[in-house]
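Asker: final.cif (mmCIF, C-alpha atoms) pasted underneath:
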data_structure
#
loop_
_atom_site.label_atom_id
_atom_site.label_comp_id
_atom_site.auth_asym_id
_atom_site.auth_seq_id
_atom_site.Cartn_x
_atom_site.Cartn_y
_atom_site.Cartn_z
CA MET A 13 50.13 130.26 15.62
CA THR A 14 52.92 130.76 18.08
CA THR A 15 56.18 132.21 16.79
CA VAL A 16 59.40 131.29 18.57
CA THR A 17 62.23 133.77 18.19
CA ASN A 18 65.85 132.54 18.54
CA THR A 19 67.00 135.35 20.83
CA THR A 20 70.27 133.61 21.65
CA SER A 21 71.35 133.38 18.02
CA THR A 22 70.32 136.97 17.37
CA ALA A 23 72.19 138.23 20.41
CA ALA A 24 75.29 136.30 19.45
CA THR A 25 75.10 137.65 15.91
CA ASN A 26 74.67 141.22 17.14
CA SER A 27 77.56 140.74 19.62
CA THR A 28 79.83 139.47 16.85
CA ALA A 29 78.87 142.29 14.56
CA THR A 30 79.42 144.83 17.32
CA ALA A 31 82.85 143.39 18.15
CA SER A 32 83.80 143.38 14.48
CA SER A 33 82.61 146.97 14.09
CA THR A 34 84.51 148.02 17.20
CA GLY A 35 87.69 146.41 15.89
CA LEU A 36 87.32 148.14 12.52
CA ASN A 37 86.65 151.48 14.18
CA ALA A 38 89.74 151.06 16.34
CA ASP A 39 91.89 150.21 13.33
CA PHE A 40 90.48 153.14 11.38
CA THR A 41 91.08 155.48 14.33
CA MET A 42 94.70 154.33 14.53
CA PHE A 43 95.06 154.87 10.78
CA LEU A 44 93.75 158.42 11.09
CA LYS A 45 96.15 159.15 13.96
CA LEU A 46 99.08 157.89 11.90
CA LEU A 47 97.95 159.89 8.89
CA THR A 48 97.48 163.05 10.96
CA THR A 49 100.86 162.71 12.64
CA GLN A 50 102.57 162.08 9.33
CA MET A 51 100.92 165.08 7.70
CA GLN A 52 101.91 167.32 10.62
CA ASN A 53 105.53 166.20 10.61
CA GLN A 54 106.26 165.88 6.92
CA ASP A 55 108.13 168.56 5.02
CA PRO A 56 105.65 170.49 2.80
CA LEU A 57 108.42 171.03 0.26
CA SER A 58 109.03 167.29 0.09
CA PRO A 59 105.76 165.52 0.76
CA MET A 60 105.76 161.76 1.24
CA ASP A 61 104.32 159.83 -1.66
CA THR A 62 101.64 157.18 -1.26
CA SER A 63 103.95 154.17 -1.62
CA GLN A 64 106.37 155.47 1.01
CA TYR A 65 103.55 156.12 3.44
CA THR A 66 102.10 152.66 2.81
CA GLN A 67 105.50 151.13 3.48
CA GLN A 68 105.67 152.90 6.85
CA LEU A 69 102.22 151.59 7.73
CA VAL A 70 103.35 148.05 6.89
CA GLN A 71 106.46 148.46 9.03
CA TYR A 72 104.37 149.76 11.93
CA SER A 73 102.01 146.80 11.58
CA GLN A 74 104.93 144.37 11.66
CA VAL A 75 106.35 145.99 14.80
CA GLU A 76 102.94 145.90 16.48
CA GLN A 77 102.51 142.23 15.54
CA SER A 78 105.98 141.40 16.88
CA MET A 79 105.20 143.12 20.18
CA SER A 80 101.96 141.17 20.46
CA GLN A 81 103.73 137.87 19.75
CA THR A 82 106.43 138.68 22.32
CA ALA A 83 103.82 139.39 24.97
CA THR A 84 102.03 136.14 24.15
CA LEU A 85 105.30 134.19 24.32
CA LYS A 86 106.09 135.71 27.73
CA ASP A 87 102.67 134.65 28.99
CA ILE A 88 103.23 131.09 27.73
CA LEU A 89 106.70 130.88 29.28
CA SER A 90 105.39 132.26 32.56
CA THR A 91 102.66 129.62 32.64
CA LEU A 92 105.12 126.83 31.81
CA GLY A 93 107.54 128.10 34.44
CA THR A 94 104.83 128.02 37.09
CA GLN A 95 103.84 124.49 36.07
CA ASN A 96 107.47 123.34 36.20
CA LEU A 97 107.89 124.92 39.63
CA THR A 98 104.79 123.14 40.90
CA GLN A 99 106.12 119.81 39.63
CA ALA A 100 109.62 120.47 41.00
CA SER A 101 108.20 121.18 44.45
CA SER A 102 107.87 117.40 44.86
CA LEU A 103 111.69 117.32 45.13
CA ILE A 104 111.62 118.97 48.55
CA GLY A 105 112.70 116.44 51.15
CA ARG A 106 114.10 114.05 48.53
CA ALA A 107 117.68 112.78 48.46
CA VAL A 108 119.41 113.80 45.23
CA GLU A 109 122.73 113.53 43.43
CA ALA A 110 124.07 116.36 41.29
CA ASP A 111 126.66 116.48 38.52
CA SER A 112 128.88 118.82 40.53
CA ASN A 113 131.78 118.40 42.94
CA VAL A 114 130.50 121.37 45.00
CA ALA A 115 128.48 120.49 48.10
CA GLY A 116 126.91 122.59 50.83
CA LEU A 117 127.97 122.45 54.46
CA THR A 118 125.61 123.66 57.19
CA ASP A 119 125.88 123.80 60.97
CA SER A 120 123.74 120.67 61.26
CA VAL A 121 124.35 118.74 58.02
CA PRO A 122 127.78 117.70 56.66
CA ALA A 123 128.88 118.18 53.06
CA GLN A 124 128.53 114.89 51.20
CA TRP A 125 129.80 113.44 47.94
CA ASN A 126 129.75 110.21 45.95
CA TRP A 127 132.85 109.21 44.00
CA THR A 128 133.19 106.66 41.21
CA ALA A 129 136.37 105.19 39.68
CA PRO A 130 136.65 103.13 36.47
CA ARG A 131 138.10 100.22 38.49
CA ASP A 132 138.65 99.12 42.07
CA ALA A 133 140.64 101.38 44.37
CA THR A 134 142.19 100.71 47.76
CA THR A 135 142.99 104.28 48.74
CA VAL A 136 141.62 107.72 47.94
CA VAL A 137 143.21 111.07 48.71
CA ALA A 138 140.41 113.57 49.33
CA THR A 139 141.16 117.28 48.90
CA ILE A 140 138.55 119.77 50.02
CA SER A 141 138.59 123.43 48.94
CA ASP A 142 136.47 126.41 49.93
CA ALA A 143 134.46 128.65 47.60
CA SER A 144 137.58 130.68 46.72
CA GLY A 145 139.47 127.54 45.67
CA LYS A 146 141.73 127.49 48.73
CA VAL A 147 142.52 123.98 50.01
CA VAL A 148 141.22 123.66 53.58
CA ASP A 149 141.60 119.94 54.24
CA THR A 150 143.29 116.87 52.80
CA ARG A 151 142.92 113.34 54.06
CA THR A 152 143.72 109.79 52.94
CA VAL A 153 140.98 107.18 53.24
CA SER A 154 141.17 103.41 52.81
CA VAL A 155 138.42 102.12 50.52
CA THR A 156 137.23 98.95 48.85
CA GLY A 157 135.72 98.84 45.38
CA SER A 158 135.18 101.43 42.67
CA THR A 159 132.61 103.66 44.41
CA GLY A 160 132.23 105.30 47.77
CA THR A 161 130.70 108.12 49.79
CA LEU A 162 132.53 110.82 51.70
CA GLY A 163 130.96 113.02 54.35
CA TRP A 164 132.72 116.05 55.85
CA ASP A 165 131.45 117.91 58.91
CA GLY A 166 133.73 120.90 58.39
CA GLU A 167 136.44 119.83 60.81
CA THR A 168 139.91 119.76 59.26
CA ALA A 169 142.71 117.31 60.02
CA SER A 170 144.27 119.98 62.24
CA GLY A 171 141.07 120.30 64.29
CA ARG A 172 139.88 123.61 62.82
CA GLN A 173 136.14 123.96 62.31
CA MET A 174 135.25 125.53 58.98
CA ALA A 175 132.21 127.78 58.56
CA ALA A 176 129.05 126.76 56.74
CA GLY A 177 129.23 127.32 53.00
CA LYS A 178 130.09 125.71 49.70
CA TYR A 179 133.04 123.32 49.42
CA SER A 180 134.41 121.34 46.50
CA LEU A 181 135.99 117.89 46.57
CA SER A 182 138.63 116.38 44.33
CA ILE A 183 139.52 112.69 44.58
CA LYS A 184 142.78 110.95 43.72
CA ALA A 185 142.05 107.23 43.63
CA LEU A 186 144.88 104.68 43.89
CA ASP A 187 144.79 100.95 43.17
CA SER A 188 146.54 98.23 45.20
CA SER A 189 149.85 98.93 43.49
CA GLY A 190 149.68 102.63 44.29
CA THR A 191 148.92 103.59 40.68
CA GLU A 192 146.56 106.51 40.23
CA ILE A 193 143.25 105.67 38.62
CA SER A 194 142.30 108.34 36.08
CA ASN A 195 138.81 109.59 35.23
CA THR A 196 137.48 109.35 38.78
CA SER A 197 134.28 111.37 39.05
CA VAL A 198 132.76 113.20 42.01
CA HIS A 199 129.07 114.07 42.54
CA SER A 200 127.58 116.03 45.43
CA ILE A 201 124.66 114.50 47.31
CA GLY A 202 122.14 115.74 49.85
CA THR A 203 118.49 116.53 50.55
CA VAL A 204 116.52 119.23 48.73
CA SER A 205 115.24 121.91 51.09
CA ASP A 206 113.96 124.54 48.66
CA VAL A 207 112.89 124.99 45.03
CA GLN A 208 112.76 128.34 43.20
CA LEU A 209 111.94 129.70 39.74
CA ASP A 210 114.52 132.17 38.40
CA ASN A 211 114.11 133.56 34.86
CA GLY A 212 112.49 130.34 33.72
CA ALA A 213 115.08 128.08 35.36
CA ILE A 214 114.27 125.77 38.26
CA LEU A 215 116.80 126.13 41.07
CA VAL A 216 117.09 123.63 43.91
CA THR A 217 118.81 124.15 47.26
CA VAL A 218 120.70 121.27 48.85
CA ASN A 219 122.48 121.95 52.17
CA GLY A 220 122.51 125.66 51.38
CA ASN A 221 124.01 125.08 47.92
CA GLN A 222 121.72 126.35 45.15
CA PHE A 223 122.09 125.10 41.58
CA ASP A 224 120.15 124.42 38.39
CA ALA A 225 117.85 121.40 38.62
CA GLY A 226 119.24 120.30 35.26
CA LYS A 227 122.38 119.16 37.10
CA LEU A 228 120.48 116.48 38.99
CA THR A 229 121.58 112.99 37.97
CA ARG A 230 119.67 110.92 40.52
CA ILE A 231 116.61 111.37 42.73
CA GLY A 232 116.17 109.08 45.69
CA GLY A 233 113.37 108.47 48.14
#
Do you think you could lay out the structure here as structure tokens?
Answerer:
Amino acid sequence: MTTVTNTTSTAATNSTATASSTGLNADFTMFLKLLTTQMQNQDPLSPMDTSQYTQQLVQYSQVEQSMSQTATLKDILSTLGTQNLTQASSLIGRAVEADSNVAGLTDSVPAQWNWTAPRDATTVVATISDASGKVVDTRTVSVTGSTGTLGWDGETASGRQMAAGKYSLSIKALDSSGTEISNTSVHSIGTVSDVQLDNGAILVTVNGNQFDAGKLTRIGG
């Protein structure tokens, strides 16, 4: 009669038992180290009782568990961040609109904004400021309707060419009677050139202006 031995099952069982034994030995070794350290450091005139020592062991275990959970959480967040970055990379080359009145100006691409008013306007007064908040250009533009786009190549009304950088736009919209239209909003627009991951946040670069991807309100083709 031929006897068939399940070597795979036996090996798995032995491996499990070995791993379990190793884990127990490691825990017991740590316990002995803690016990030895405590005995060396305790005051012989005021020895620590069993309950106090047990409490310290529990506290140590809780700290160790917390450290392990923190490390695991960091690994999860790192993985998610990488996945988000991979997905966000599809934004490169796409036209986007951001909930910000700050747009980037480069030597080759003008700063661009969309503006929206609650009702039709006939004139808008556009005021452009640099990164420090200093007004660098103001111009009046005739418009039709409640929305429009403004592009600025960095040249001011006086003919001065401003350097590449970040510039903000504020719009004062007027109706046909010259009455200011309140609650006019401004959004920067442009093409994404770069995507980065910074402390878990996805940052996109549009015309040299970097901001959180959470500010994007529209993604075009």
Asker: Tell me which of A:Gly105, A:Gly145, A:Gly157, A:Gly116 sits closest to Pro130 (chain A), counting all atoms listed in the file.
Answerer: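 Of A:Gly105, A:Gly145, A:Gly157, A:Gly116, the one nearest Pro130 (chain A) is A:Gly157, counting all atoms listed in the file.
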Asker: Within 7 Å of region 207-216 of chain A, counting all atoms listed in the file, which residues qualify if same-chain residues fewer than 3 places away don't, as a list in words?
Answerer: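 Listed by chain and then number, they are Gly93, Leu97, Ala100, Ser101, Val204, Gln222, Phe223, Asp224 and Ala225 of chain A.
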Asker: Applying the PyMOL selection byres ((chain A and resi 198) around 6) to the file I just gave you, which residues come out? Please list them as a ChimeraX atom specification.
Answerer: /A:113,126-127,197,199
Asker: Between CA of Gly160 (chain A) and CA of Ala185 (chain A), measure the distance and give it in Å to one decimal.
Answerer: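 Between CA of Gly160 (chain A) and CA of Ala185 (chain A) the gap works out to 10.8 Å.
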Asker: With distances taken over all atoms listed in the file, which residue among A:Gly177, A:Gly171, A:Gly226, A:Gly232 lies nearest Leu117 (chain A)?
Answerer: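 Comparing A:Gly177, A:Gly171, A:Gly226, A:Gly232 against Leu117 (chain A), the winner is A:Gly177.
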Asker: Would you work out the distance separating CA of Gly220 (chain A) from CA of Trp164 (chain A), expressed in Å to one decimal?
Answerer: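 Separation of CA of Gly220 (chain A) and CA of Trp164 (chain A): 14.7 Å.
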Asker: What is the distance between CA of Ala169 (chain A) and CA of Arg151 (chain A), in Å to one decimal?
Answerer: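 Computing the Euclidean distance for CA of Ala169 (chain A) and CA of Arg151 (chain A) yields 7.2 Å.
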Asker: Show which residues sit within 9 Å of Val155 (chain A), as a list in words. Count all atoms listed in the file, and ignore same-chain residues fewer than 6 positions away.
Answerer: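 Close residues of Val155 (chain A): Asp132, Ala133, Thr134, Thr135 and Val136 of chain A.
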Asker: Could you please take those selected residues and save C-alpha atoms as a short mmCIF file (atom, residue, chain, number, x, y, z; two decimals), in the frame of the given file?
Answerer:
data_model
loop_
_atom_site.label_atom_id
_atom_site.label_comp_id
_atom_site.auth_asym_id
_atom_site.auth_seq_id
_atom_site.Cartn_x
_atom_site.Cartn_y
_atom_site.Cartn_z
CA ASP A 132 138.65 99.12 42.07
CA ALA A 133 140.64 101.38 44.37
CA THR A 134 142.19 100.71 47.76
CA THR A 135 142.99 104.28 48.74
CA VAL A 136 141.62 107.72 47.94
#
Asker: Quick one: of A:Gln173, A:Thr152, A:Thr168, A:Thr161, who's nearest to Gln124 (chain A), counting all atoms listed in the file?
Answerer: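 So, comparing all the options, the nearest one is A:Thr161.
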Asker: For Ile201 (chain A), which residue out of A:Val148, A:Ile183, A:Ile231, A:Val153 is the nearest one, using only C-alpha atoms?
Answerer: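 For Ile201 (chain A), the nearest of the given residues is A:Ile231.
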Asker: Restricting the calculation to only C-alpha atoms: of A:Ser182, A:Asn219, A:Thr150, A:Gln95, which residue gets closest to Thr196 (chain A)?
Answerer: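 The answer is A:Ser182, which sits nearest to Thr196 (chain A).
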Asker: Quick one: residues within 7 Å of Asn221 (chain A), all atoms listed in the file, excluding same-chain residues fewer than 4 positions away - as an NGL selection string?
Answerer: :A and (115-116 or 178 or 217)
Asker: Between A:Ala176, A:Ala110, A:Val137, A:Ile193, which residue has the minimum interatomic distance to Ser158 (chain A), considering all atoms listed in the file?
Answerer: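 Nearest candidate to Ser158 (chain A) out of A:Ala176, A:Ala110, A:Val137, A:Ile193: A:Ile193.
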Asker: Given the point (122.4, 114.2, 40.6) in the coordinates of this file, which residues lie within 6 Å, counting only C-alpha atoms, and how would they look as JSON, numbers by chain?
Answerer: {"A": [108, 109, 110, 111, 228, 229, 230]}
